[in-house]
Amino acid sequence: MTEELGPPSGFAMLPWLLLGLGALSNLLRGDTPNPWVGGIGLLVFNSLYITLVFRAFDQKAREAPATNWLLLALTAVTFALAARYGGAWLLFLPLLGLATGAVLRGRWVPAALLALTLAAGVVAGLRDVWSAIGIAYGTFISGMVTAAILALSETVSELRETRQELARTAVEKERLRFSRDLHDLLGHTLSVIVVKSEAARRLAQRDVDAALAQIADIEAVGRQALTEIREAVTGYREGSLATDLDRARSALTAAGIEPVVRQSGPPLEPGTAALLGWVVREAVTNAVRHSGATTCEITLHGTAERARLTIVDDGIGTAAGESPEPDAPRRVGGTGLTGLTERLAAAGGSLTAGPTSRGGFRVHAELPLDQTEPDPLAPLDPLDRFESATAAPRPSGWLGARPTRADG
């Protein structure tokens, strides 16, 4: 209903001015002493009331010092008219309470309205004892109800704006997740297809069986790529670090790079293993495509608190003229490594990458070992869906490798 009618405005407060018709009738009938004073007072009251109720719905105007002065002026005029004339003029006191509830905000609103109610009851009691309770009650209720309704309306508006902002943020995060997954999946898969195609072409003339094996791997890579793209679209990709290490070994071997894989430490949580699997994919793909290396070492070491993954190759890791400090990796700005850095940072880890003093390239990732499964009943952040991955191995995927025994 609020969305259909729109936010409240000062126009909703204007019909209450009809309470002043009794005073206007007294003026027109000549029942009011000093009618010019009463007429001017009525005009001033209406002008101040209308100004205040419209300023009450503009936060900047409402919080301006001028608004408080206008409210004080309305209070003085209202009590002066009520004390001077009584009768129908006492109904301006509930109108004052209504304007006060519209203008004031904060925890001290009840105290201000209580003081106004007591003063209204005293003035009404001096003019007409029997109407004192009704006037006091009307003043307090009109102010409190108005303040409560406006506070609720503002809260609803803030919640609606927050909901819209959360929706926009969720869309942006989902787009970022999808772009990252496409980069990691298609970039890696196409790189491995190119490498294995080149290997098949080289082997075709001298070893047909070996070439056919490479072609079979290419077919497996393509089929698995289709499956992984479907999973990326739905946002529920599964991963296995052991499978990724096996496939990394196969891709490095096909590219003529000797893989050396070392593993130690306790088993990793599925979320940690999935994240480190992404690092293996990115680093190995970069080594295959850009390094020109002869050896690539992958070292995975886990402790009771953290898991550390280091991938070092002996290829071309520095540009001409660069002289990095010994073994001091620096951050690089590639799309894949930048996305991985953000993913690991969101999970409480870190990733650094850069050339080493020996001319190779080094990628180092660290993650805490408390990457537990998320609550299945809790809302799932689109960027964190990969944390729900399991360690179940799948058929040959981005590297199309057959499972082999891990080294050391």
# chains A, B, ... in the order shown; residues from 1 in each chain; ligands from 1
>>> residues_around(residues="segment 119-136 of chain A", least_positions_apart="6", cutoff="8 Å", atoms="only C-alpha atoms", output="list in words")
Phe79, Ala82, Ala83, Gly86, Gly87, Leu90, Leu91, Leu93 and Pro94 of chain A
>>> write_last_selection(atoms="C-alpha atoms", output="compact mmCIF listing (two decimals), in the first residue's frame")
# COMPACT_ATOMS: atom_id res chain seq x y z
CA PHE A 79 -0.94 29.26 23.62
CA ALA A 82 -5.95 29.48 23.53
CA ALA A 83 -5.35 31.43 26.75
CA GLY A 86 -10.64 29.57 25.07
CA GLY A 87 -13.60 27.60 23.72
CA LEU A 90 -8.45 25.42 22.45
CA LEU A 91 -8.57 22.99 19.51
CA LEU A 93 -3.52 22.88 20.92
CA PRO A 94 -3.98 19.38 19.38
>>> select_by_dssp(residues="segment 181-309 of chain A", states="alpha helix (DSSP H)", output="PyMOL selection string")
chain A and resi 181-203+208-234+241-254+270-286
>>> residues_around(residues="Val44 of chain A", least_positions_apart="6", cutoff="12 Å", atoms="only C-alpha atoms", output="PyMOL selection string")
chain A and resi 37-38+50-51+70+73-78+80-81
>>> write_last_selection(atoms="N, CA and C atoms", output="PDB file, in the first residue's frame")
ATOM      1  N   VAL A  37      -7.451  41.156  16.244  1.00  0.00           N
ATOM      2  CA  VAL A  37      -6.340  40.412  16.859  1.00  0.00           C
ATOM      3  C   VAL A  37      -6.525  38.920  16.618  1.00  0.00           C
ATOM      4  N   GLY A  38      -7.783  38.446  16.823  1.00  0.00           N
ATOM      5  CA  GLY A  38      -8.053  37.033  16.587  1.00  0.00           C
ATOM      6  C   GLY A  38      -7.840  36.642  15.139  1.00  0.00           C
ATOM      7  N   ILE A  50       1.194  25.455   8.180  1.00  0.00           N
ATOM      8  CA  ILE A  50       1.411  24.937   6.817  1.00  0.00           C
ATOM      9  C   ILE A  50       2.907  24.902   6.491  1.00  0.00           C
ATOM     10  N   THR A  51       3.614  25.945   6.854  1.00  0.00           N
ATOM     11  CA  THR A  51       5.063  25.974   6.594  1.00  0.00           C
ATOM     12  C   THR A  51       5.770  24.834   7.309  1.00  0.00           C
ATOM     13  N   LEU A  70      10.530  28.406  13.948  1.00  0.00           N
ATOM     14  CA  LEU A  70       9.141  28.445  13.504  1.00  0.00           C
ATOM     15  C   LEU A  70       8.232  27.661  14.441  1.00  0.00           C
ATOM     16  N   ALA A  73       7.652  29.714  17.465  1.00  0.00           N
ATOM     17  CA  ALA A  73       6.698  30.785  17.166  1.00  0.00           C
ATOM     18  C   ALA A  73       5.272  30.239  17.128  1.00  0.00           C
ATOM     19  N   LEU A  74       5.080  29.067  16.519  1.00  0.00           N
ATOM     20  CA  LEU A  74       3.750  28.458  16.484  1.00  0.00           C
ATOM     21  C   LEU A  74       3.269  28.130  17.897  1.00  0.00           C
ATOM     22  N   THR A  75       4.175  27.654  18.736  1.00  0.00           N
ATOM     23  CA  THR A  75       3.805  27.351  20.124  1.00  0.00           C
ATOM     24  C   THR A  75       3.335  28.602  20.854  1.00  0.00           C
ATOM     25  N   ALA A  76       4.075  29.700  20.674  1.00  0.00           N
ATOM     26  CA  ALA A  76       3.700  30.955  21.352  1.00  0.00           C
ATOM     27  C   ALA A  76       2.353  31.467  20.863  1.00  0.00           C
ATOM     28  N   VAL A  77       2.125  31.454  19.544  1.00  0.00           N
ATOM     29  CA  VAL A  77       0.857  31.938  18.997  1.00  0.00           C
ATOM     30  C   VAL A  77      -0.297  31.059  19.469  1.00  0.00           C
ATOM     31  N   THR A  78      -0.084  29.718  19.475  1.00  0.00           N
ATOM     32  CA  THR A  78      -1.162  28.796  19.865  1.00  0.00           C
ATOM     33  C   THR A  78      -1.568  29.007  21.317  1.00  0.00           C
ATOM     34  N   ALA A  80      -1.070  31.645  23.116  1.00  0.00           N
ATOM     35  CA  ALA A  80      -1.643  32.984  23.301  1.00  0.00           C
ATOM     36  C   ALA A  80      -3.116  33.008  22.901  1.00  0.00           C
ATOM     37  N   LEU A  81      -3.459  32.409  21.760  1.00  0.00           N
ATOM     38  CA  LEU A  81      -4.844  32.382  21.308  1.00  0.00           C
ATOM     39  C   LEU A  81      -5.714  31.539  22.237  1.00  0.00           C
TER      40      LEU A  81
END
>>> closest_residue(among="A:Val363, A:Ala225, A:Val261, A:Pro266", to="Ala283 of chain A", atoms="only C-alpha atoms")
A:Val363
>>> closest_residue(among="A:Leu245, A:Leu71, A:Trp108, A:Thr299", to="Leu48 of chain A", atoms="only C-alpha atoms")
A:Leu71
>>> residues_around(residues="Pro33 of chain A", least_positions_apart="6", cutoff="10 Å", atoms="only C-alpha atoms", output="number ranges by chain")
A: 26-27, 84-85
>>> closest_residue(among="A:Ala147, A:Leu42, A:Ala112, A:Ala61", to="Leu17 of chain A", atoms="only C-alpha atoms")
A:Leu42
>>> closest_residue(among="A:Ser350, A:Thr189, A:Thr272, A:Ser291", to="Ala248 of chain A", atoms="only C-alpha atoms")
A:Thr189
>>> residues_around(residues="segment 99-103 of chain A", least_positions_apart="4", cutoff="6 Å", atoms="only C-alpha atoms", output="number ranges by chain")
A: 56, 143, 146-147
>>> write_last_selection(atoms="C-alpha atoms", output="compact mmCIF listing (two decimals), in the first residue's frame")
# COMPACT_ATOMS: atom_id res chain seq x y z
CA ALA A 56 8.77 18.33 8.23
CA GLY A 143 1.69 14.31 18.50
CA THR A 146 2.07 11.49 14.05
CA ALA A 147 5.63 10.96 15.25
>>> residues_around(residues="Ala304 of chain A", least_positions_apart="5", cutoff="10 Å", atoms="only C-alpha atoms", output="list in words")
Gly265, Pro266, Pro368, Leu369 and Asp370 of chain A
>>> closest_residue(among="A:Leu344, A:Val288, A:Ala88, A:Leu98", to="Ser142 of chain A", atoms="only C-alpha atoms")
A:Leu98
>>> residues_around(residues="segment 251-254 of chain A", least_positions_apart="6", cutoff="12 Å", atoms="only C-alpha atoms", output="ChimeraX atom specification")
/A:188-203,210-211,213-215,217-218,221,244-245,260-261,280-281,283-289,291-298,313,397-402
>>> write_last_selection(atoms="C-alpha atoms", output="compact mmCIF listing (two decimals), in the first residue's frame")
# COMPACT_ATOMS: atom_id res chain seq x y z
CA HIS A 188 42.45 -22.67 -19.04
CA THR A 189 40.51 -25.11 -21.20
CA LEU A 190 41.37 -23.44 -24.50
CA SER A 191 45.02 -23.13 -23.50
CA VAL A 192 45.22 -26.86 -22.77
CA ILE A 193 43.40 -27.70 -26.02
CA VAL A 194 45.98 -25.65 -27.94
CA VAL A 195 48.88 -27.33 -26.14
CA LYS A 196 47.53 -30.83 -26.69
CA SER A 197 46.66 -30.07 -30.31
CA GLU A 198 50.25 -28.98 -30.92
CA ALA A 199 51.51 -32.16 -29.23
CA ALA A 200 49.18 -34.29 -31.37
CA ARG A 201 50.41 -32.57 -34.53
CA ARG A 202 54.04 -33.22 -33.59
CA LEU A 203 53.37 -36.88 -32.75
CA ALA A 210 50.40 -41.20 -28.88
CA ALA A 211 48.79 -38.63 -31.17
CA ALA A 213 45.82 -40.35 -27.07
CA GLN A 214 46.31 -36.59 -27.17
CA ILE A 215 43.26 -36.23 -29.42
CA ASP A 217 42.32 -35.99 -24.20
CA ILE A 218 41.25 -33.00 -26.31
CA VAL A 221 38.60 -31.57 -22.31
CA ASP A 244 43.44 -30.33 -10.48
CA LEU A 245 46.96 -31.39 -9.50
CA VAL A 260 57.29 -31.65 -9.69
CA VAL A 261 54.46 -31.96 -7.15
CA VAL A 280 46.72 -24.31 -9.49
CA ARG A 281 44.64 -23.90 -12.65
CA ALA A 283 49.31 -20.64 -12.34
CA VAL A 284 49.80 -23.76 -14.47
CA THR A 285 47.93 -22.25 -17.41
CA ASN A 286 50.13 -19.16 -17.24
CA ALA A 287 53.22 -21.37 -17.10
CA VAL A 288 52.08 -23.37 -20.12
CA ARG A 289 51.18 -20.31 -22.17
CA SER A 291 56.76 -19.12 -19.27
CA GLY A 292 58.84 -21.14 -21.73
CA ALA A 293 59.96 -23.08 -18.66
CA THR A 294 61.48 -26.55 -18.45
CA THR A 295 60.43 -27.26 -14.85
CA CYS A 296 57.45 -26.26 -12.72
CA GLU A 297 57.37 -27.06 -9.00
CA ILE A 298 54.06 -27.21 -7.13
CA ASP A 313 58.70 -22.24 -12.74
CA GLY A 397 38.11 -31.88 -17.13
CA TRP A 398 40.08 -28.79 -17.98
CA LEU A 399 43.32 -30.73 -18.45
CA GLY A 400 41.79 -33.95 -19.68
CA ALA A 401 44.24 -36.01 -17.58
CA ARG A 402 43.82 -39.50 -16.32
>>> atom_distance(atom1="atom CA of Thr67 of chain A", atom2="atom CA of Asn46 of chain A")
15.3 Å
